[in-house]
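K.L.:
Could you have a look at this structure, given as structure tokens, before my questions?
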Amino acid sequence: MDREEQMYLRLVSAIVSKSLRPGEHVNEMQLASANDLSRPRVRRVLERLEMEGVIEFKLNRGAFISRPSVKEALDVFEARVHLESILFRLACERTNKLDIQRLREHIQSEREAFQKDQSDFNQIAGRFHILVAEIIDNKIILDAIKLLIHRVCLIQSLYETERTVLCLVDEHELLVDLIEARDIEACMVQLVHHCDHIKDSLDLSDQRHRISNIYQAIDDRR
Ligand SMILES: [Zn+2]
């Protein structure tokens with residue numbers, strides 16, 4: 001793997017694990033020296049992340065981790081539930097015994113991560129959805145799912161409250177049971193419940209929207 005790809009993966013992992021928070025400045029010079037890359041190569045990685053919606057450039061100020069608006073957050077959840085419906089429908093049709101075993105092994109690692117160190121849990125739980133996309137073997141859907149999961153993590157960072165829940169391991173297990181049973185209808189119901197229940201635990205209220213707009217306005221005038 002080349003150093004640009006490594007730096008890209010490190011940044012994504014920092015966003016997913018919330019060590020880089022929405023609105024945080026990304027120092028290009030430090031990244032260049034830490035990853036032994038030239039500034040133009042660092043810029044290329046950051047531009048890739050900008051296209052993926054997780055980094056934004058501000059005039060004369062450099063790169064920042066994106067702060068998705070409430071509208072954007074709702075758009076991401078809407079897109080996610082539709083795309084994942086296609087994904088899980090295909091999973092019900094295509095998975096074999098070996099795939100089910102891979103999914104169950106992953107769920108076991110989720111349980112262990114949840115019990116041990118919850119800071120890794122978000123990343124591992126998000127990986128469940130990416131694994132289902134790898135199993136159905138469609139690169140277009142896989143790439144789209146990866147982007148959506150990264151953006152969901154940013155949205156969680158920004159809008160979480162003390163009652164915010166992450167992917168629940170028991171719900172993942174039920175999804176795998178339904179994939180194994182090839183029960184498309186029940187799988188769709190469970191998937192919508194799974195996606196909605198994460199969205200509903202965030203504070204995407206109008207009041208929060210106004211507050212975040214106020215911060216946005218101050219931020220942009222600097
Ligand atoms: Zn999940």
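Naming works like this for the structure tokens: A, B, ... for the chains as they're shown, residue 1 at the start of each chain, ligands 1 onward in shown order.
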As a compact mmCIF listing (two decimals) with C-alpha atoms, in the first residue's frame, please: every protein or nucleic acid residue near ligand 1 (cut-off 9 Å, counting only C-alpha atoms and all ligand atoms).
P.N.:
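Output saved as out31.txt:
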# COMPACT_ATOMS: atom_id res chain seq x y z
CA ALA A 125 -19.55 -1.78 14.14
CA GLY A 126 -19.43 0.35 10.97
CA ARG A 127 -17.25 -2.32 9.43
CA PHE A 128 -20.17 -4.78 9.69
CA HIS A 129 -22.05 -2.88 7.00
CA LEU A 166 -24.45 3.22 18.02
CA CYS A 167 -25.06 0.12 15.93
CA LEU A 168 -26.38 -2.48 18.36
CA VAL A 169 -24.65 -5.84 18.19
CA GLU A 171 -29.51 -5.97 15.90
CA HIS A 172 -26.59 -6.95 13.66
CA LEU A 191 -32.83 -2.83 8.62
CA HIS A 194 -31.71 -0.37 12.75
CA CYS A 195 -31.00 2.77 10.67
CA ILE A 198 -29.48 5.47 15.25
K.L.:
I need the residues of segment 42-116 of chain A that end up classed as strand (DSSP E or B) by DSSP on the backbone, written out as a ChimeraX atom specification.
P.N.:
/A:55-58,62-65
K.L.:
Please produce an output containing N, CA and C atoms for each residue in the selection, written as a PDB file, in the first residue's frame.
P.N.:
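Result went into result17.pdb, see below:
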ATOM      1  N   ILE A  55     -14.105  16.382   4.390  1.00  0.00           N
ATOM      2  CA  ILE A  55     -13.162  17.488   4.604  1.00  0.00           C
ATOM      3  C   ILE A  55     -13.680  18.672   3.804  1.00  0.00           C
ATOM      4  N   GLU A  56     -13.479  19.891   4.337  1.00  0.00           N
ATOM      5  CA  GLU A  56     -13.794  21.060   3.506  1.00  0.00           C
ATOM      6  C   GLU A  56     -12.634  22.054   3.560  1.00  0.00           C
ATOM      7  N   PHE A  57     -12.410  22.748   2.462  1.00  0.00           N
ATOM      8  CA  PHE A  57     -11.355  23.759   2.414  1.00  0.00           C
ATOM      9  C   PHE A  57     -11.986  25.129   2.611  1.00  0.00           C
ATOM     10  N   LYS A  58     -11.328  25.958   3.441  1.00  0.00           N
ATOM     11  CA  LYS A  58     -11.805  27.336   3.616  1.00  0.00           C
ATOM     12  C   LYS A  58     -10.739  28.275   3.075  1.00  0.00           C
ATOM     13  N   GLY A  62      -7.128  26.770   4.941  1.00  0.00           N
ATOM     14  CA  GLY A  62      -6.756  25.367   4.825  1.00  0.00           C
ATOM     15  C   GLY A  62      -7.911  24.396   4.971  1.00  0.00           C
ATOM     16  N   ALA A  63      -7.571  23.183   5.418  1.00  0.00           N
ATOM     17  CA  ALA A  63      -8.549  22.088   5.433  1.00  0.00           C
ATOM     18  C   ALA A  63      -9.123  21.891   6.837  1.00  0.00           C
ATOM     19  N   PHE A  64     -10.401  21.570   6.878  1.00  0.00           N
ATOM     20  CA  PHE A  64     -11.098  21.328   8.148  1.00  0.00           C
ATOM     21  C   PHE A  64     -11.955  20.064   8.014  1.00  0.00           C
ATOM     22  N   ILE A  65     -12.178  19.381   9.135  1.00  0.00           N
ATOM     23  CA  ILE A  65     -13.133  18.269   9.126  1.00  0.00           C
ATOM     24  C   ILE A  65     -14.531  18.877   8.963  1.00  0.00           C
TER      25      ILE A  65
END
K.L.:
Residues of segment 33-173 of chain A classed as alpha helix (DSSP H) by DSSP on the backbone are to be reported as a VMD selection string.
P.N.:
chain A and resid 33 to 35 39 to 51 70 to 94 97 to 115 121 to 136 139 to 159 169 to 173
K.L.:
Just want the 8 Å neighbourhood of segment 179-184 of chain A, counted on only C-alpha atoms, with same-chain residues fewer than 6 positions away dropped. Output as a ChimeraX atom specification.
P.N.:
/A:88-89,91-93,95,100
K.L.:
Using only N, CA and C atoms, please write the residues we just selected to a file, as a short mmCIF file (atom, residue, chain, number, x, y, z; two decimals), in the first residue's frame.
P.N.:
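part-v3.cif, written as the output of this step:
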data_model
loop_
_atom_site.label_atom_id
_atom_site.label_comp_id
_atom_site.auth_asym_id
_atom_site.auth_seq_id
_atom_site.Cartn_x
_atom_site.Cartn_y
_atom_site.Cartn_z
N PHE A 88 -28.87 -5.24 1.58
CA PHE A 88 -29.30 -6.39 2.38
C PHE A 88 -30.22 -7.32 1.59
N ARG A 89 -30.96 -6.76 0.64
CA ARG A 89 -31.78 -7.61 -0.25
C ARG A 89 -30.86 -8.55 -1.04
N ALA A 91 -27.87 -9.36 -0.20
CA ALA A 91 -27.22 -10.28 0.74
C ALA A 91 -28.11 -11.49 1.01
N CYS A 92 -29.44 -11.25 1.14
CA CYS A 92 -30.37 -12.37 1.35
C CYS A 92 -30.32 -13.35 0.17
N GLU A 93 -30.09 -12.80 -1.02
CA GLU A 93 -30.10 -13.66 -2.21
C GLU A 93 -28.76 -14.36 -2.45
N THR A 95 -25.68 -14.67 -0.21
CA THR A 95 -24.68 -15.17 0.75
C THR A 95 -24.69 -16.69 0.83
N ILE A 100 -21.84 -16.34 5.84
CA ILE A 100 -22.56 -16.23 7.13
C ILE A 100 -21.57 -16.43 8.28
#
K.L.:
Name the residues in contact with Val45 of chain A at a cut-off of 9 Å, using only C-alpha atoms, excluding same-chain residues fewer than 5 positions from it; report them as a list in words.
P.N.:
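Returned residues: Glu4, Glu5, Met7, Tyr8, Pro40 and Glu50 of chain A.
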K.L.:
Applying 9 Å and only C-alpha atoms, which residues near Leu158 of chain A remain after dropping the ones on its own chain fewer than 3 positions away? List them as a list of chain:residue names.
P.N.:
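After dropping sequence-adjacent residues, the list is A:Arg21, A:Pro22, A:Arg67, A:Pro68, A:Cys153, A:Leu154, A:Ile155.
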K.L.:
Go ahead and compute the interatomic distance for atom CA of Ile15 of chain A and atom CA of Gln156 of chain A, in Å to one decimal.
P.N.:
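Here the two named atoms are 10.6 Å from each other.
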K.L.:
Please list as number ranges by chain every residue within 8 Å of Arg43 of chain A, counting only C-alpha atoms and excluding residues in the same chain fewer than 4 positions away.
P.N.:
A: 28, 39, 47
K.L.:
Go ahead and write the selection's residues with N, CA and C atoms as a short mmCIF file (atom, residue, chain, number, x, y, z; two decimals), in the first residue's frame.
P.N.:
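Writing the result to part.cif gives the following:
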data_model
loop_
_atom_site.label_atom_id
_atom_site.label_comp_id
_atom_site.auth_asym_id
_atom_site.auth_seq_id
_atom_site.Cartn_x
_atom_site.Cartn_y
_atom_site.Cartn_z
N GLU A 28 -1.80 20.62 7.17
CA GLU A 28 -1.21 19.95 6.01
C GLU A 28 0.29 19.73 6.19
N ARG A 39 3.86 18.19 0.06
CA ARG A 39 2.60 18.92 0.26
C ARG A 39 1.59 18.62 -0.86
N GLU A 47 -8.00 16.38 -0.98
CA GLU A 47 -9.02 16.65 -2.01
C GLU A 47 -9.92 15.43 -2.23
#
K.L.:
Return the single residue from A:Val152, A:Cys187, A:Val132, A:Leu37 that is closest to Ser17 of chain A, with distances computed using only C-alpha atoms.
P.N.:
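Result for the nearest residue to Ser17 of chain A: A:Val152.
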K.L.:
Measuring atom to atom with only C-alpha atoms, identify which of A:Leu74, A:Ala186, A:Leu20, A:Ala14 is nearest to Tyr159 of chain A.
P.N.:
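So, comparing all the options, the nearest one is A:Leu74.
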K.L.:
I'd like the neighbourhood of Asp137 of chain A as a PDB file with C-alpha atoms, in the first residue's frame, where a residue qualifies if any of its atoms comes within 12 Å (using only C-alpha atoms), though same-chain residues fewer than 5 positions away should be ignored.
P.N.:
ATOM      1  CA  LEU A  87     -27.491  -4.167  -0.115  1.00  0.00           C
ATOM      2  CA  LEU A  90     -28.828  -8.781  -2.368  1.00  0.00           C
ATOM      3  CA  ALA A  91     -27.218 -10.277   0.742  1.00  0.00           C
ATOM      4  CA  ARG A  94     -26.336 -14.166  -2.508  1.00  0.00           C
ATOM      5  CA  THR A  95     -24.679 -15.171   0.746  1.00  0.00           C
ATOM      6  CA  ASP A  99     -20.199 -15.673   4.189  1.00  0.00           C
ATOM      7  CA  ILE A 130     -18.939  -2.664   4.824  1.00  0.00           C
ATOM      8  CA  LEU A 131     -18.389  -6.426   5.224  1.00  0.00           C
ATOM      9  CA  VAL A 132     -21.921  -7.158   3.953  1.00  0.00           C
ATOM     10  CA  LEU A 142     -19.241  -1.093  -1.605  1.00  0.00           C
ATOM     11  CA  ASP A 143     -17.693   2.329  -2.373  1.00  0.00           C
TER      12      ASP A 143
END
